[in-house]
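The next block is final-v8.txt, given as compact mmCIF, C-alpha atoms.
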```
# COMPACT_ATOMS: atom_id res chain seq x y z
CA MET G 299 0.00 0.00 0.00
CA LYS G 300 1.31 3.47 -0.88
CA PHE G 301 2.25 6.07 1.71
CA SER G 302 -0.44 8.43 0.39
CA LYS G 303 -3.17 5.84 1.10
CA LEU G 304 -1.79 4.97 4.54
CA VAL G 305 -1.58 8.63 5.55
CA ALA G 306 -5.06 9.34 4.17
CA ASP G 307 -6.44 6.43 6.23
CA ARG G 308 -4.71 7.67 9.38
CA TYR G 309 -6.27 11.14 9.12
CA ALA G 310 -9.43 10.11 7.23
CA LYS G 311 -8.76 12.72 4.58
CA GLU G 312 -6.61 13.18 1.51
CA ILE G 313 -3.29 14.91 2.10
CA ASP G 314 -2.13 17.35 -0.59
CA LEU G 315 1.48 16.16 -0.65
CA ASP G 316 3.45 13.99 -3.07
CA PHE G 317 5.13 11.11 -1.23
CA SER G 318 6.16 9.30 -4.42
CA LYS G 319 9.83 10.32 -4.21
CA ILE G 320 10.24 8.91 -0.70
CA GLN G 321 11.54 5.36 -0.48
CA GLU G 322 8.80 3.06 0.75
CA THR G 323 10.00 0.82 3.55
CA GLU G 324 8.11 -2.03 5.16
CA THR G 325 8.97 -0.65 8.60
CA LEU G 326 7.32 2.71 7.93
CA LYS G 327 4.34 1.06 6.25
CA SER G 328 3.90 -1.13 9.31
CA ILE G 329 3.99 1.89 11.64
CA LEU G 330 1.61 4.00 9.54
CA SER G 331 -0.92 1.18 9.28
CA ARG G 332 -0.75 -0.02 12.89
CA LYS G 333 -3.98 -0.90 14.66
CA SER G 334 -4.93 -2.46 17.96
CA ILE G 335 -5.87 -6.15 18.02
CA ARG G 336 -8.21 -7.46 20.71
CA LYS G 337 -8.80 -11.01 19.50
CA PHE G 338 -6.06 -13.59 19.07
CA LEU G 339 -5.58 -17.02 17.55
CA LYS G 340 -4.58 -19.85 19.86
CA LYS G 341 -1.37 -20.14 17.88
CA PRO G 342 1.71 -20.15 20.14
CA ILE G 343 4.68 -17.81 19.97
CA SER G 344 7.88 -19.80 19.50
CA LYS G 345 10.77 -19.45 21.94
CA GLU G 346 12.95 -18.07 19.13
CA LEU G 347 10.37 -15.47 18.08
CA LEU G 348 9.85 -14.35 21.66
CA TYR G 349 13.62 -13.98 22.12
CA LEU G 350 13.88 -11.80 19.02
CA ILE G 351 10.95 -9.62 20.09
CA LEU G 352 12.51 -9.12 23.51
CA ALA G 353 15.85 -8.27 21.88
CA ALA G 354 14.01 -5.63 19.87
CA ALA G 355 12.41 -4.36 23.07
CA GLN G 356 15.85 -3.97 24.63
CA SER G 357 17.13 -2.17 21.53
CA ALA G 358 15.08 0.90 22.46
CA PRO G 359 16.90 4.06 23.59
CA SER G 360 17.55 4.37 27.31
CA LYS G 361 18.37 7.54 29.23
CA SER G 362 22.17 7.58 29.87
CA ASN G 363 22.09 3.80 29.25
CA LEU G 364 20.73 3.40 32.78
CA GLN G 365 18.19 0.84 31.52
CA GLN G 366 15.75 1.54 34.33
CA TYR G 367 13.03 -0.86 33.25
CA SER G 368 12.19 -4.54 33.29
CA ILE G 369 9.78 -6.68 31.28
CA LEU G 370 7.67 -9.37 32.88
CA VAL G 371 6.56 -12.03 30.38
CA ILE G 372 3.37 -13.71 31.57
CA GLN G 373 2.66 -17.07 29.97
CA ASP G 374 1.49 -19.10 32.96
CA GLN G 375 -2.25 -19.67 32.57
CA ASN G 376 -2.92 -19.55 36.30
CA ILE G 377 -1.36 -16.10 36.61
CA LYS G 378 -3.20 -14.93 33.50
CA ASN G 379 -6.46 -16.19 35.00
CA GLU G 380 -5.84 -14.32 38.26
CA ILE G 381 -5.25 -11.04 36.45
CA SER G 382 -8.12 -11.68 34.03
CA ASN G 383 -10.56 -12.05 36.93
CA LEU G 384 -9.60 -8.57 38.14
CA ILE G 385 -9.46 -6.57 34.94
CA GLY G 386 -13.16 -6.31 34.08
CA ASN G 387 -14.12 -5.65 30.48
CA THR G 388 -10.47 -5.79 29.42
CA LYS G 389 -10.13 -9.47 30.36
CA TRP G 390 -9.87 -10.34 26.65
CA ALA G 391 -6.26 -9.10 26.84
CA LEU G 392 -5.29 -12.15 28.86
CA THR G 393 -6.50 -14.49 26.10
CA ALA G 394 -3.42 -13.51 24.10
CA PRO G 395 -0.68 -16.17 24.06
CA ILE G 396 1.65 -13.75 25.85
CA PHE G 397 0.94 -10.83 28.12
CA PHE G 398 3.80 -8.46 28.89
CA LEU G 399 4.10 -6.12 31.84
CA TYR G 400 6.45 -3.19 31.22
CA LEU G 401 7.95 -2.16 34.51
CA ALA G 402 9.61 1.07 35.53
CA ASP G 403 12.46 -0.36 37.62
CA ILE G 404 14.68 1.86 39.76
CA ARG G 405 15.34 -0.96 42.24
CA ARG G 406 18.05 -2.70 40.19
CA ASN G 407 20.29 0.38 39.92
CA ILE G 408 19.83 1.23 43.61
CA LYS G 409 21.10 -2.25 44.50
CA ILE G 410 24.00 -2.00 42.02
CA THR G 411 25.02 1.43 43.34
CA ASN G 412 24.97 0.24 46.93
CA ASP G 413 26.90 -2.92 46.03
CA ARG G 414 29.65 -0.83 44.45
CA GLY G 415 30.07 1.14 47.66
CA TYR G 416 28.20 4.32 46.69
CA GLU G 417 25.11 5.96 48.14
CA HIS G 418 22.23 6.19 45.67
CA LYS G 419 20.93 9.79 45.82
CA ASN G 420 18.58 9.89 42.84
CA ASN G 421 15.33 8.35 44.00
CA ASN G 422 13.35 11.37 42.83
CA VAL G 423 10.68 12.43 40.37
CA ASP G 424 13.21 12.76 37.54
CA THR G 425 14.40 9.18 38.00
CA PHE G 426 10.75 8.08 38.16
CA MET G 427 10.14 9.78 34.82
CA ASN G 428 13.27 8.26 33.30
CA GLY G 429 12.17 4.78 34.36
CA VAL G 430 8.67 5.30 32.93
CA ILE G 431 10.06 6.67 29.65
CA ASP G 432 12.58 3.82 29.33
CA ALA G 433 9.78 1.29 29.83
CA ALA G 434 7.49 3.09 27.37
CA LEU G 435 10.20 3.24 24.69
CA SER G 436 10.83 -0.46 25.18
CA MET G 437 7.12 -1.19 24.78
CA GLN G 438 7.00 0.84 21.56
CA SER G 439 9.98 -1.08 20.17
CA THR G 440 8.15 -4.30 21.01
CA ILE G 441 5.08 -3.04 19.17
CA CYS G 442 7.00 -2.03 16.04
CA ALA G 443 8.96 -5.30 15.91
CA SER G 444 5.90 -7.47 16.54
CA GLU G 445 3.68 -5.79 13.98
CA SER G 446 6.42 -5.92 11.35
CA LEU G 447 6.24 -9.71 11.73
CA GLY G 448 2.45 -9.87 11.39
CA LEU G 449 1.69 -10.16 15.09
CA GLY G 450 -1.04 -8.12 16.73
CA VAL G 451 -0.78 -6.14 19.96
CA CYS G 452 -2.78 -3.89 22.25
CA PRO G 453 -1.40 -1.82 25.16
CA ILE G 454 -3.37 -2.11 28.41
CA SER G 455 -3.24 0.85 30.81
CA MET G 456 -6.06 -0.72 32.85
CA ILE G 457 -3.37 -2.71 34.63
CA ARG G 458 -2.73 0.35 36.84
CA ASN G 459 -6.32 0.11 38.11
CA ILE G 460 -5.35 -3.11 39.87
CA ILE G 461 -1.76 -2.21 40.62
CA GLU G 462 -1.74 -3.52 44.21
CA GLU G 463 -3.21 -6.86 43.17
CA VAL G 464 -0.73 -7.19 40.30
CA LYS G 465 2.12 -6.40 42.71
CA VAL G 466 1.05 -9.32 44.90
CA ILE G 467 0.32 -11.77 42.06
CA CYS G 468 3.59 -11.05 40.24
CA LYS G 469 5.66 -10.51 43.40
CA LEU G 470 6.84 -7.06 42.37
CA PRO G 471 9.26 -5.60 44.94
CA LYS G 472 9.51 -1.97 46.02
CA GLY G 473 11.03 0.27 43.37
CA VAL G 474 9.24 -1.58 40.55
CA PHE G 475 5.81 -0.85 39.08
CA PRO G 476 3.93 -1.65 35.85
CA ILE G 477 3.43 1.32 33.52
CA ALA G 478 1.22 -0.79 31.23
CA GLY G 479 0.53 -4.27 29.94
CA LEU G 480 0.74 -5.44 26.34
CA ALA G 481 -1.31 -8.27 24.85
CA LEU G 482 0.55 -10.01 22.02
CA GLY G 483 -0.39 -12.78 19.61
CA TRP G 484 -1.42 -13.71 16.09
CA PRO G 485 -4.48 -11.64 15.06
CA ASP G 486 -7.88 -13.27 14.80
CA GLN G 487 -9.69 -10.17 13.55
CA LYS G 488 -9.45 -7.33 11.10
CA SER G 489 -9.59 -3.91 12.67
CA ASN G 490 -9.44 -0.34 11.41
CA VAL G 491 -6.76 2.21 12.08
CA SER G 492 -7.66 4.88 14.62
CA ILE G 493 -8.18 8.29 13.07
CA ARG G 494 -5.75 10.72 14.65
CA LEU G 495 -5.92 14.44 15.32
CA SER G 496 -4.70 16.43 12.34
CA GLN G 497 -1.10 17.55 12.37
CA ASP G 498 -2.06 21.21 12.67
CA ILE G 499 -3.39 20.38 16.15
CA VAL G 500 -0.62 18.16 17.47
CA ILE G 501 2.49 19.40 15.66
CA HIS G 502 4.00 22.80 16.47
CA PHE G 503 6.87 24.49 14.64
CA ASP G 504 9.30 26.63 16.63
CA LYS G 505 6.64 27.94 19.05
CA TYR G 506 3.62 26.34 20.70
CA SER G 507 0.35 27.62 19.26
CA GLU G 508 -3.32 27.13 20.17
CA LYS G 509 -4.68 29.20 17.30
CA ASP G 510 -8.18 28.10 16.28
CA LEU G 511 -7.86 25.03 18.51
CA ILE G 512 -11.56 24.48 19.23
CA GLN G 513 -12.53 25.03 15.61
CA LYS G 514 -9.97 22.44 14.56
CA ILE G 515 -11.24 20.00 17.20
CA ASN G 516 -14.81 20.50 15.95
CA LYS G 517 -13.65 19.67 12.43
CA TYR G 518 -11.85 16.56 13.68
CA ASP G 519 -14.97 15.48 15.57
CA GLU G 520 -17.01 15.69 12.39
CA ILE G 521 -14.47 13.65 10.41
CA VAL G 522 -14.36 10.90 13.02
CA PHE G 523 -18.13 10.91 13.62
CA LYS G 524 -18.87 10.31 9.95
CA LYS G 525 -16.63 7.27 9.85
CA ASP G 526 -16.62 5.90 13.38
CA PRO G 527 -19.19 7.46 15.76
CA ILE G 528 -18.89 6.41 19.39
CA PRO G 529 -21.85 4.13 20.21
CA GLU G 530 -23.73 4.25 23.50
CA ASN G 531 -21.93 1.21 24.94
CA LYS G 532 -18.55 2.93 24.48
CA GLN G 533 -19.54 6.35 25.77
CA ARG G 534 -17.94 7.36 29.05
CA HIS G 535 -19.88 7.85 32.28
CA VAL G 536 -23.37 7.49 30.85
CA ASP G 537 -24.49 6.89 34.45
CA LEU G 538 -23.46 10.46 35.32
CA TYR G 539 -24.18 12.38 32.13
CA GLY G 540 -26.64 10.28 30.14
CA VAL G 541 -26.26 9.21 26.53
CA ALA G 542 -24.64 11.84 24.34
CA LYS G 543 -26.77 12.98 21.42
CA LYS G 544 -23.64 12.84 19.32
CA GLY G 545 -20.87 10.38 20.17
CA THR G 546 -17.84 12.49 19.33
CA TRP G 547 -14.21 12.14 20.37
CA SER G 548 -14.08 15.44 22.28
CA GLU G 549 -17.31 14.68 24.16
CA ASN G 550 -16.02 11.27 25.19
CA ILE G 551 -12.57 12.35 26.36
CA SER G 552 -14.07 15.35 28.19
CA ARG G 553 -16.41 13.03 30.09
CA GLN G 554 -13.53 10.70 30.91
CA LEU G 555 -11.29 13.51 32.17
CA SER G 556 -14.08 15.04 34.28
CA VAL G 557 -13.97 12.09 36.69
CA PRO G 558 -10.80 11.43 38.76
CA GLU G 559 -8.96 8.23 37.81
CA ARG G 560 -6.41 6.33 39.92
CA SER G 561 -6.53 9.03 42.58
CA ASN G 562 -4.37 6.97 44.98
CA PHE G 563 -1.60 6.33 42.44
CA LYS G 564 0.88 8.82 43.90
CA ASN G 565 0.40 7.45 47.41
CA TRP G 566 0.86 3.91 46.11
CA LEU G 567 4.12 4.85 44.38
CA LYS G 568 5.49 6.52 47.53
CA GLU G 569 4.55 3.48 49.60
CA ASN G 570 6.29 1.22 47.10
CA GLY G 571 9.74 2.67 46.78
CA PHE G 572 9.37 5.82 44.64
CA ASN G 573 10.17 8.99 46.61
CA LEU G 574 8.96 11.41 43.91
CA GLU G 575 10.84 14.31 45.54
```
Here is a file; write its structure as structure tokens.
Amino acid sequence: MKFSKLVADRYAKEIDLDFSKIQETETLKSILSRKSIRKFLKKPISKELLYLILAAAQSAPSKSNLQQYSILVIQDQNIKNEISNLIGNTKWALTAPIFFLYLADIRRNIKITNDRGYEHKNNNVDTFMNGVIDAALSMQSTICASESLGLGVCPISMIRNIIEEVKVICKLPKGVFPIAGLALGWPDQKSNVSIRLSQDIVIHFDKYSEKDLIQKINKYDEIVFKKDPIPENKQRHVDLYGVAKKGTWSENISRQLSVPERSNFKNWLKENGFNLE
């Protein structure tokens, strides 16, 4: 598929640019066409394929090469069942052959520093951010590598809703926490790409600008609504606000952000080894 078609699909509109002189690579095509998969075949992932995917995950950039993350590979059906029973409507994610947990991990470097005879003095909010970013970059490398091979994935932030239970089930020590899960397997469905905000909303050149923001959002809402309106069963907080007359992106995210989520997260982090100072 040509770049022009892939870009048009991503924004649900034709782009007035000529991409024909740019070399088409399978990697970029895979990234431009990526979509979330929520249904998987019962086809296993070989040991060799898993090793390669994890090598790709570890090939991601890491701040100062500190490598402040870990990856927990969950294959054991009993553990998957335990998490599945806690994760509500997202339990389909645990039907994937493999479920990854991407962990921000400052514990390992604290232990190494102490072992080498130094005092670790960087358990702070910056180190927390570095660990989260390292883990997120590793997850993205996993996604790119997996999808280039025909595998399907879907990130799962819901895992932080049950963070204490996951800590116990997976025996996560202090200084380690899951930023997200990732379901991975061979796809058993065809899904559409998500239509993204136009570049004139998200991309800024030289200086940040909010010019005509709401008008641009209204235009985006109309584009998405024509192709993929949000049905009642996917609208947020219908119990509080009722069914929206028009299931638009901005209405849905506004409803979601109007209700506090994971309000105890900071306290949990501080109780589990992250000083956040």
Inset, instruction - Rank nothing, just name the residue among G:Thr388, G:Ser496, G:Ser548, G:Ser507 nearest to Phe523 (chain G), using only C-alpha atoms. - result: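 Using only C-alpha atoms, the shortest distance to Phe523 (chain G) belongs to G:Ser548.
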Inset, instruction - Point out the residue among G:Lys564, G:Arg534, G:Gln375, G:Asn570 with the least atom-to-atom distance to Ser552 (chain G), counting only C-alpha atoms. - result: G:Arg534
Determine, counting only C-alpha atoms, which protein, DNA and RNA residues have an atom within 12 Å of an atom of Gly386 (chain G); residues of the same chain fewer than 5 positions away are not included. Present the result as a CSV table (one decimal) with C-alpha atoms, keeping the file's coordinate frame.
```csv
chain,number,residue,atom,x,y,z
G,379,ASN,CA,-6.5,-16.2,35.0
G,380,GLU,CA,-5.8,-14.3,38.3
G,381,ILE,CA,-5.2,-11.0,36.4
G,391,ALA,CA,-6.3,-9.1,26.8
G,392,LEU,CA,-5.3,-12.2,28.9
G,456,MET,CA,-6.1,-0.7,32.8
G,457,ILE,CA,-3.4,-2.7,34.6
G,459,ASN,CA,-6.3,0.1,38.1
G,460,ILE,CA,-5.4,-3.1,39.9
```
Inset, instruction - Find the distance between CA of Thr440 (chain G) and CA of Ile477 (chain G) and write it in Å to one decimal. - result: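 Pair CA of Thr440 (chain G) / CA of Ile477 (chain G) returns 14.5 Å.
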Inset, instruction - Using all atoms listed in the file, pick whichever of G:Tyr416, G:Phe426, G:Phe317, G:Phe397 has the shortest atom-to-atom distance to Lys568 (chain G). - result: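 Comparing G:Tyr416, G:Phe426, G:Phe317, G:Phe397 against Lys568 (chain G), the winner is G:Phe426.
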